[in-house]
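See below for upload.csv, which holds CSV, C-alpha atoms.
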chain,number,residue,atom,x,y,z
A,430,MET,CA,0.0,0.0,0.0
A,431,THR,CA,1.3,3.5,-0.8
A,432,VAL,CA,1.4,5.9,2.0
A,433,THR,CA,1.0,9.4,0.6
A,434,ILE,CA,2.4,12.1,2.9
A,435,GLU,CA,0.6,15.4,3.0
A,436,PRO,CA,2.7,18.6,2.9
A,437,VAL,CA,3.9,19.7,6.3
A,438,ASP,CA,2.5,23.2,6.0
A,439,SER,CA,1.6,26.0,3.6
A,440,VAL,CA,5.2,27.1,3.1
A,441,ALA,CA,6.2,23.8,1.4
A,442,HIS,CA,5.5,25.1,-2.1
A,443,PRO,CA,7.7,28.2,-2.1
A,444,GLU,CA,10.5,26.1,-0.4
A,445,ILE,CA,10.5,23.5,-3.2
A,446,GLU,CA,10.5,26.2,-5.8
A,447,ALA,CA,13.7,27.6,-4.2
A,448,VAL,CA,15.2,24.1,-4.3
A,449,LEU,CA,14.3,23.7,-7.9
A,450,ALA,CA,16.0,27.0,-8.7
A,451,GLU,CA,19.1,25.9,-6.8
A,452,ILE,CA,19.3,22.7,-8.8
A,453,ALA,CA,18.8,24.6,-12.1
A,454,ALA,CA,21.6,27.0,-11.2
A,455,ASN,CA,24.0,24.1,-10.7
A,456,PRO,CA,23.8,21.9,-13.8
A,457,TRP,CA,25.4,18.5,-13.4
A,458,PRO,CA,28.8,18.2,-15.2
A,459,ASP,CA,29.7,15.3,-17.4
A,460,ASP,CA,33.3,15.2,-16.0
A,461,ILE,CA,33.4,12.9,-13.0
A,462,ALA,CA,36.0,15.0,-11.1
A,463,GLU,CA,33.9,18.2,-11.6
A,464,ALA,CA,30.7,16.4,-10.5
A,465,ARG,CA,32.3,15.1,-7.4
A,466,LEU,CA,33.5,18.6,-6.5
A,467,LEU,CA,30.0,20.1,-7.2
A,468,MET,CA,28.3,17.5,-4.9
A,469,ASP,CA,30.7,18.4,-2.1
A,470,ARG,CA,30.2,22.1,-2.7
A,471,MET,CA,26.4,21.9,-2.6
A,472,ALA,CA,26.4,19.9,0.7
A,473,PRO,CA,24.9,21.4,3.8
A,474,PRO,CA,27.3,21.6,6.8
A,475,VAL,CA,27.3,19.5,10.0
A,476,ALA,CA,25.4,21.3,12.8
A,477,SER,CA,27.7,22.7,15.5
A,478,ASP,CA,26.1,20.5,18.2
A,479,ILE,CA,26.9,17.2,16.4
A,480,MET,CA,30.3,15.8,17.2
A,481,ALA,CA,32.3,14.4,14.2
A,482,GLU,CA,35.1,11.9,14.7
A,483,GLN,CA,37.2,10.4,11.9
A,484,VAL,CA,37.5,6.6,12.2
A,485,ALA,CA,38.6,3.6,10.1
A,486,LEU,CA,35.6,1.4,9.3
A,487,ALA,CA,37.3,-1.9,8.4
A,488,ALA,CA,39.6,-1.0,5.5
A,489,CYS,CA,37.7,2.3,4.6
A,490,ARG,CA,37.8,5.8,5.9
A,491,GLY,CA,34.7,6.7,7.9
A,492,GLN,CA,33.2,9.3,10.2
A,493,ILE,CA,31.2,8.9,13.4
A,494,LEU,CA,28.5,11.6,13.9
A,495,ILE,CA,27.4,11.8,17.5
A,496,PRO,CA,24.3,13.7,18.4
A,497,PRO,CA,23.4,15.1,21.8
A,498,ASN,CA,21.6,12.7,24.2
A,499,TYR,CA,22.4,9.7,22.0
A,500,ASP,CA,21.5,6.1,22.9
A,501,GLU,CA,24.8,4.3,23.4
A,502,ALA,CA,23.5,1.0,22.1
A,503,ARG,CA,22.0,2.4,18.9
A,504,ALA,CA,24.2,2.5,15.7
A,505,ILE,CA,23.4,3.7,12.2
A,506,LEU,CA,25.5,2.6,9.2
A,507,PHE,CA,25.0,5.3,6.6
A,508,LEU,CA,25.8,4.6,2.9
A,509,HIS,CA,25.8,7.7,0.7
A,510,GLY,CA,24.3,8.1,-2.7
A,511,GLY,CA,26.0,9.4,-5.9
A,512,GLY,CA,25.5,6.6,-8.5
A,513,TYR,CA,28.4,4.6,-7.0
A,514,VAL,CA,30.6,7.2,-8.8
A,515,TYR,CA,30.2,10.4,-6.7
A,516,GLY,CA,29.7,11.2,-3.1
A,517,SER,CA,32.0,11.5,0.0
A,518,LEU,CA,32.1,12.0,3.7
A,519,ARG,CA,31.7,15.7,3.0
A,520,SER,CA,28.8,15.5,0.5
A,521,HIS,CA,26.4,13.8,2.9
A,522,ALA,CA,27.8,14.6,6.3
A,523,GLY,CA,25.2,17.3,7.0
A,524,MET,CA,22.3,15.0,6.2
A,525,ALA,CA,23.8,12.1,8.0
A,526,ALA,CA,24.3,14.3,11.1
A,527,GLU,CA,20.6,15.2,11.1
A,528,LEU,CA,19.8,11.5,10.8
A,529,ALA,CA,22.0,10.9,13.8
A,530,ARG,CA,20.0,13.5,15.7
A,531,ALA,CA,16.6,12.1,14.6
A,532,THR,CA,17.6,8.5,15.4
A,533,ARG,CA,19.5,9.3,18.6
A,534,GLY,CA,22.2,6.9,17.5
A,535,LYS,CA,25.8,7.2,16.7
A,536,THR,CA,25.9,7.3,12.9
A,537,TYR,CA,28.8,5.7,11.1
A,538,GLN,CA,29.3,7.3,7.7
A,539,LEU,CA,31.2,5.0,5.3
A,540,ASP,CA,33.5,6.4,2.6
A,541,TYR,CA,33.2,3.3,0.4
A,542,ARG,CA,35.3,2.9,-2.7
A,543,LEU,CA,33.9,4.5,-5.9
A,544,ALA,CA,33.8,3.5,-9.6
A,545,PRO,CA,35.3,3.8,-12.1
A,546,GLU,CA,38.5,3.4,-10.0
A,547,HIS,CA,36.8,0.6,-8.0
A,548,PRO,CA,33.7,-0.9,-9.8
A,549,PHE,CA,31.3,-3.6,-8.5
A,550,PRO,CA,31.7,-5.3,-6.1
A,551,ALA,CA,34.0,-2.9,-4.2
A,552,ALA,CA,31.3,-0.8,-2.6
A,553,LEU,CA,29.4,-3.9,-1.5
A,554,GLU,CA,32.5,-5.5,0.0
A,555,ASP,CA,33.2,-2.3,1.9
A,556,ALA,CA,29.6,-2.0,3.2
A,557,CYS,CA,29.6,-5.6,4.4
A,558,ALA,CA,33.0,-5.1,6.1
A,559,ALA,CA,31.8,-2.0,7.8
A,560,TYR,CA,28.8,-3.9,9.2
A,561,GLY,CA,31.1,-6.6,10.4
A,562,TRP,CA,33.2,-3.9,12.1
A,563,LEU,CA,30.2,-2.6,14.0
A,564,ARG,CA,29.3,-6.1,15.1
A,565,ASP,CA,32.9,-6.7,16.3
A,566,ALA,CA,32.8,-3.4,18.1
A,567,GLY,CA,30.1,-4.8,20.3
A,568,HIS,CA,26.9,-3.5,18.6
A,569,ALA,CA,24.1,-6.1,18.7
A,570,ALA,CA,22.6,-6.7,15.2
A,571,ALA,CA,19.2,-5.7,16.4
A,572,ASP,CA,20.5,-2.3,17.5
A,573,ILE,CA,22.0,-1.5,14.1
A,574,ALA,CA,20.0,0.2,11.3
A,575,VAL,CA,21.4,0.5,7.8
A,576,VAL,CA,20.4,3.7,5.9
A,577,GLY,CA,21.2,4.9,2.4
A,578,ASP,CA,20.1,7.3,-0.2
A,579,SER,CA,19.9,6.8,-4.0
A,580,ALA,CA,22.7,4.4,-4.9
A,581,GLY,CA,23.3,4.1,-1.2
A,582,GLY,CA,19.7,2.9,-0.9
A,583,GLY,CA,20.5,0.2,-3.5
A,584,LEU,CA,23.7,-0.6,-1.6
A,585,VAL,CA,21.6,-1.0,1.6
A,586,MET,CA,19.6,-3.7,-0.1
A,587,ALA,CA,22.6,-5.4,-1.7
A,588,THR,CA,24.3,-5.4,1.7
A,589,LEU,CA,21.3,-7.0,3.4
A,590,LEU,CA,21.2,-9.7,0.7
A,591,ALA,CA,24.9,-10.4,0.9
A,592,LEU,CA,24.8,-10.7,4.7
A,593,ARG,CA,21.7,-12.9,4.6
A,594,ASP,CA,23.3,-15.2,2.1
A,595,ARG,CA,26.5,-15.5,4.2
A,596,GLY,CA,24.5,-16.5,7.2
A,597,ALA,CA,25.1,-13.3,9.2
A,598,GLU,CA,22.7,-11.9,11.7
A,599,LEU,CA,20.9,-9.1,10.0
A,600,PRO,CA,20.4,-5.5,11.3
A,601,GLY,CA,17.2,-4.6,13.1
A,602,ALA,CA,16.0,-2.1,10.4
A,603,ALA,CA,16.9,-0.7,7.0
A,604,VAL,CA,15.9,2.6,5.4
A,605,CYS,CA,16.1,3.5,1.6
A,606,LEU,CA,15.8,7.1,0.6
A,607,SER,CA,15.0,7.5,-3.1
A,608,PRO,CA,16.6,4.2,-3.8
A,609,TRP,CA,18.3,3.2,-7.1
A,610,VAL,CA,17.7,-0.5,-7.3
A,611,ASP,CA,17.1,-1.1,-11.1
A,612,LEU,CA,20.2,-0.2,-13.0
A,613,GLU,CA,18.5,-1.1,-16.3
A,614,ALA,CA,16.0,1.8,-15.8
A,615,THR,CA,13.0,-0.2,-16.8
A,616,GLY,CA,10.4,1.6,-14.6
A,617,GLU,CA,7.5,3.4,-16.3
A,618,SER,CA,8.3,6.6,-14.3
A,619,PHE,CA,11.3,7.2,-16.5
A,620,THR,CA,8.6,8.1,-19.0
A,621,THR,CA,5.7,9.3,-17.0
A,622,ARG,CA,7.7,11.4,-14.5
A,623,GLN,CA,10.7,12.6,-16.6
A,624,ARG,CA,9.2,16.1,-17.1
A,625,LEU,CA,8.9,16.4,-13.3
A,626,ASP,CA,12.4,15.3,-12.4
A,627,PRO,CA,15.1,18.0,-12.5
A,628,MET,CA,18.0,15.8,-11.5
A,629,ILE,CA,18.0,12.4,-13.1
A,630,ASP,CA,17.3,11.0,-16.6
A,631,ARG,CA,17.8,7.7,-18.4
A,632,ARG,CA,21.0,8.9,-20.1
A,633,LEU,CA,22.7,9.6,-16.7
A,634,VAL,CA,21.4,6.4,-15.2
A,635,GLY,CA,22.8,4.5,-18.2
A,636,ILE,CA,26.2,6.1,-17.9
A,637,LEU,CA,26.5,5.5,-14.1
A,638,ALA,CA,25.2,1.9,-14.4
A,639,GLY,CA,27.8,1.1,-17.0
A,640,ILE,CA,30.6,2.6,-15.0
A,641,TYR,CA,29.6,0.8,-11.8
A,642,ALA,CA,28.8,-2.6,-13.3
A,643,ASN,CA,31.9,-2.6,-15.5
A,644,GLY,CA,30.6,-5.3,-17.8
A,645,ALA,CA,28.8,-7.3,-15.1
A,646,ASP,CA,25.2,-8.3,-15.6
A,647,LEU,CA,22.9,-5.4,-14.6
A,648,ARG,CA,20.3,-8.0,-13.6
A,649,ASN,CA,22.6,-9.4,-10.9
A,650,PRO,CA,20.5,-8.9,-7.7
A,651,LEU,CA,23.6,-7.5,-5.9
A,652,ILE,CA,23.7,-4.8,-8.6
A,653,SER,CA,20.0,-4.4,-9.2
A,654,PRO,CA,18.2,-5.6,-6.0
A,655,ILE,CA,14.9,-5.2,-7.7
A,656,HIS,CA,15.6,-8.7,-9.0
A,657,ALA,CA,16.4,-10.3,-5.7
A,658,ASP,CA,14.6,-12.8,-3.5
A,659,LEU,CA,13.9,-10.5,-0.5
A,660,ARG,CA,12.8,-13.1,2.0
A,661,GLY,CA,14.1,-12.8,5.5
A,662,LEU,CA,15.1,-9.1,5.4
A,663,PRO,CA,14.5,-6.8,8.3
A,664,ARG,CA,11.8,-4.0,8.7
A,665,LEU,CA,12.2,-1.6,5.8
A,666,LEU,CA,11.2,2.1,5.3
A,667,ILE,CA,11.3,3.4,1.7
A,668,GLN,CA,10.8,7.1,1.0
A,669,VAL,CA,10.5,8.5,-2.6
A,670,GLY,CA,9.5,11.8,-4.0
A,671,GLU,CA,6.7,12.5,-6.4
A,672,ARG,CA,9.1,14.2,-8.9
A,673,GLU,CA,11.4,11.2,-9.3
A,674,VAL,CA,12.0,9.0,-12.3
A,675,LEU,CA,13.1,6.4,-9.8
A,676,PHE,CA,9.6,6.2,-8.3
A,677,SER,CA,8.5,3.0,-10.1
A,678,GLU,CA,11.5,1.0,-8.9
A,679,ALA,CA,11.1,2.2,-5.3
A,680,GLU,CA,7.4,1.3,-5.4
A,681,MET,CA,8.2,-2.1,-7.0
A,682,LEU,CA,10.8,-2.8,-4.4
A,683,ALA,CA,8.2,-2.2,-1.7
A,684,ARG,CA,5.7,-4.4,-3.4
A,685,ARG,CA,8.1,-7.3,-3.9
A,686,ALA,CA,9.5,-7.0,-0.3
A,687,ARG,CA,6.0,-7.1,1.1
A,688,ARG,CA,5.2,-10.2,-1.0
A,689,ALA,CA,8.3,-11.8,0.4
A,690,GLY,CA,7.0,-11.3,3.9
A,691,VAL,CA,9.1,-8.2,4.8
A,692,ASP,CA,7.5,-5.5,7.1
A,693,VAL,CA,7.6,-2.5,4.7
A,694,THR,CA,6.6,1.1,5.1
A,695,PHE,CA,6.4,2.9,1.7
A,696,GLU,CA,6.0,6.7,1.5
A,697,GLU,CA,5.5,8.9,-1.5
A,698,TRP,CA,6.2,12.5,-0.7
A,699,PRO,CA,4.2,15.0,-2.9
A,700,ASP,CA,6.2,17.5,-5.0
A,701,MET,CA,9.6,16.3,-3.6
A,702,VAL,CA,12.7,15.8,-5.7
A,703,HIS,CA,15.4,13.0,-5.6
A,704,VAL,CA,16.8,12.8,-2.0
A,705,TRP,CA,15.1,16.0,-0.9
A,706,HIS,CA,16.5,15.2,2.5
A,707,LEU,CA,19.8,16.8,1.4
A,708,PHE,CA,18.0,20.2,1.2
A,709,PHE,CA,16.9,20.0,4.9
A,710,PRO,CA,18.3,23.5,5.8
A,711,GLN,CA,15.8,25.2,3.5
A,712,LEU,CA,13.1,22.6,3.0
A,713,ASN,CA,10.6,21.8,5.7
A,714,GLU,CA,9.7,18.5,4.0
A,715,GLY,CA,13.4,17.5,4.2
A,716,ARG,CA,13.4,17.9,8.0
A,717,ALA,CA,10.1,16.1,8.3
A,718,ALA,CA,11.3,13.1,6.2
A,719,ILE,CA,14.4,12.8,8.4
A,720,ALA,CA,12.2,12.9,11.5
A,721,ARG,CA,10.1,10.1,10.1
A,722,VAL,CA,13.3,8.0,9.6
A,723,GLY,CA,14.2,8.6,13.3
A,724,ALA,CA,10.7,7.6,14.4
A,725,PHE,CA,10.8,4.4,12.3
A,726,ILE,CA,14.2,3.3,13.6
A,727,ALA,CA,13.1,4.1,17.2
A,728,GLN,CA,10.0,2.0,16.7
A,729,SER,CA,12.1,-0.8,15.2
A,730,ALA,CA,14.3,-0.8,18.3
A,731,THR,CA,11.3,-1.0,20.7
A,732,SER,CA,9.7,-3.8,18.8
A,733,GLN,CA,12.6,-6.2,19.1
Could you write out this file's structure as structure tokens?
Amino acid sequence: MTVTIEPVDSVAHPEIEAVLAEIAANPWPDDIAEARLLMDRMAPPVASDIMAEQVALAACRGQILIPPNYDEARAILFLHGGGYVYGSLRSHAGMAAELARATRGKTYQLDYRLAPEHPFPAALEDACAAYGWLRDAGHAAADIAVVGDSAGGGLVMATLLALRDRGAELPGAAVCLSPWVDLEATGESFTTRQRLDPMIDRRLVGILAGIYANGADLRNPLISPIHADLRGLPRLLIQVGEREVLFSEAEMLARRARRAGVDVTFEEWPDMVHVWHLFFPQLNEGRAAIARVGAFIAQSATSQ
């Protein structure tokens, strides 16, 4: 069942118009290095009351974001988006910090390896290793939530699948924000919602999919989790915006997970763009969506 979220208040419309203007003023470069710099430059900062500590998560760089009044037991593994090609600790730190605040958990932000320098399965290997690091550090599986946006949302699903198939104890909850889970771009929303989406189109998806897969089968469930057997996975929250060409695959992921017996909450947010959470400083809906993630993870912890 689709959960349609009503706008938070009457200022939501002018706020999203300002976000659309900001996106239009910063066209996405074709050059990978330039795009990486742009993503970092557009990133909101970490709030002054959130502590940030550099850490090695297994073999990768990472960052721990610690909110005020945090729950010592709770841990969030955050996997950033960026098509497996862009994204960094800097690009998503501000949003990850607000997720730490909303969840009241230490949030471990993973700087996983990127393509084309490190194509599939490097990112997946890093995410699984980081989860193992959290377990070795003493966090109970039930107290861990794995959260990711865009490609990071796809990586959340691939990580759960890989851990399940290896016989590992799975985290207590998972959250996918505007997830990219079908690298073939077969969803009808690539046609029906393209005029609404100011950020992503089939051309960009095709380029990024080719770079990440590097010749591997795009239908591999660890590359495109939309094709996976989803049985046995933990509670799942999926949030997607009305303006997204990725809408169909997010909805299909929810439908297939529910058929597999997974406890799924699916939310479509009216008028929102891809990963609108990143615009939380100026967008009320971004703050509200992050708050919902916090409530979902808290509920997951109390239901164990």
Exercise. Leaving out Gln623 (chain A) and any residue of its chain fewer than 4 positions from it, which residues lie within 10 Å of it when counting all atoms listed in the file, given as number ranges by chain?
Worked result: A: 617-619, 627-631, 672-675
For this session: Tell me, as a PyMOL selection string, which residues lie within 7 Å of Ala642 (chain A), counting only C-alpha atoms; anything in the same chain fewer than 4 positions away does not count.
Result: chain A and resi 548-549+638+647
Got a sec to check which residues sit within 7 Å of (30.1, 9.9, 11.6), counting only C-alpha atoms, and write them as a PDB file with C-alpha atoms, keeping the file's coordinate frame?
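Listed below is the output, out-v6.pdb:
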ATOM      1  CA  ALA A 481      32.300  14.400  14.200  1.00  0.00           C
ATOM      2  CA  GLU A 482      35.100  11.900  14.700  1.00  0.00           C
ATOM      3  CA  GLY A 491      34.700   6.700   7.900  1.00  0.00           C
ATOM      4  CA  GLN A 492      33.200   9.300  10.200  1.00  0.00           C
ATOM      5  CA  ILE A 493      31.200   8.900  13.400  1.00  0.00           C
ATOM      6  CA  LEU A 494      28.500  11.600  13.900  1.00  0.00           C
ATOM      7  CA  ILE A 495      27.400  11.800  17.500  1.00  0.00           C
ATOM      8  CA  THR A 536      25.900   7.300  12.900  1.00  0.00           C
ATOM      9  CA  TYR A 537      28.800   5.700  11.100  1.00  0.00           C
ATOM     10  CA  GLN A 538      29.300   7.300   7.700  1.00  0.00           C
TER      11      GLN A 538
END
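Among the candidates A:Gln668, A:Thr694, A:Ser477, A:Thr615, the residue lying nearest to Ser579 (chain A) is A:Gln668 (atoms considered: only C-alpha atoms).
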Exercise. Can you list, as a VMD selection string, every protein, DNA or RNA residue that comes within 12 Å of Ala447 (chain A) when you count only C-alpha atoms, leaving out same-chain residues fewer than 2 positions away?
Worked result: chain A and resid 440 to 445 449 to 454 702 708 710 to 713
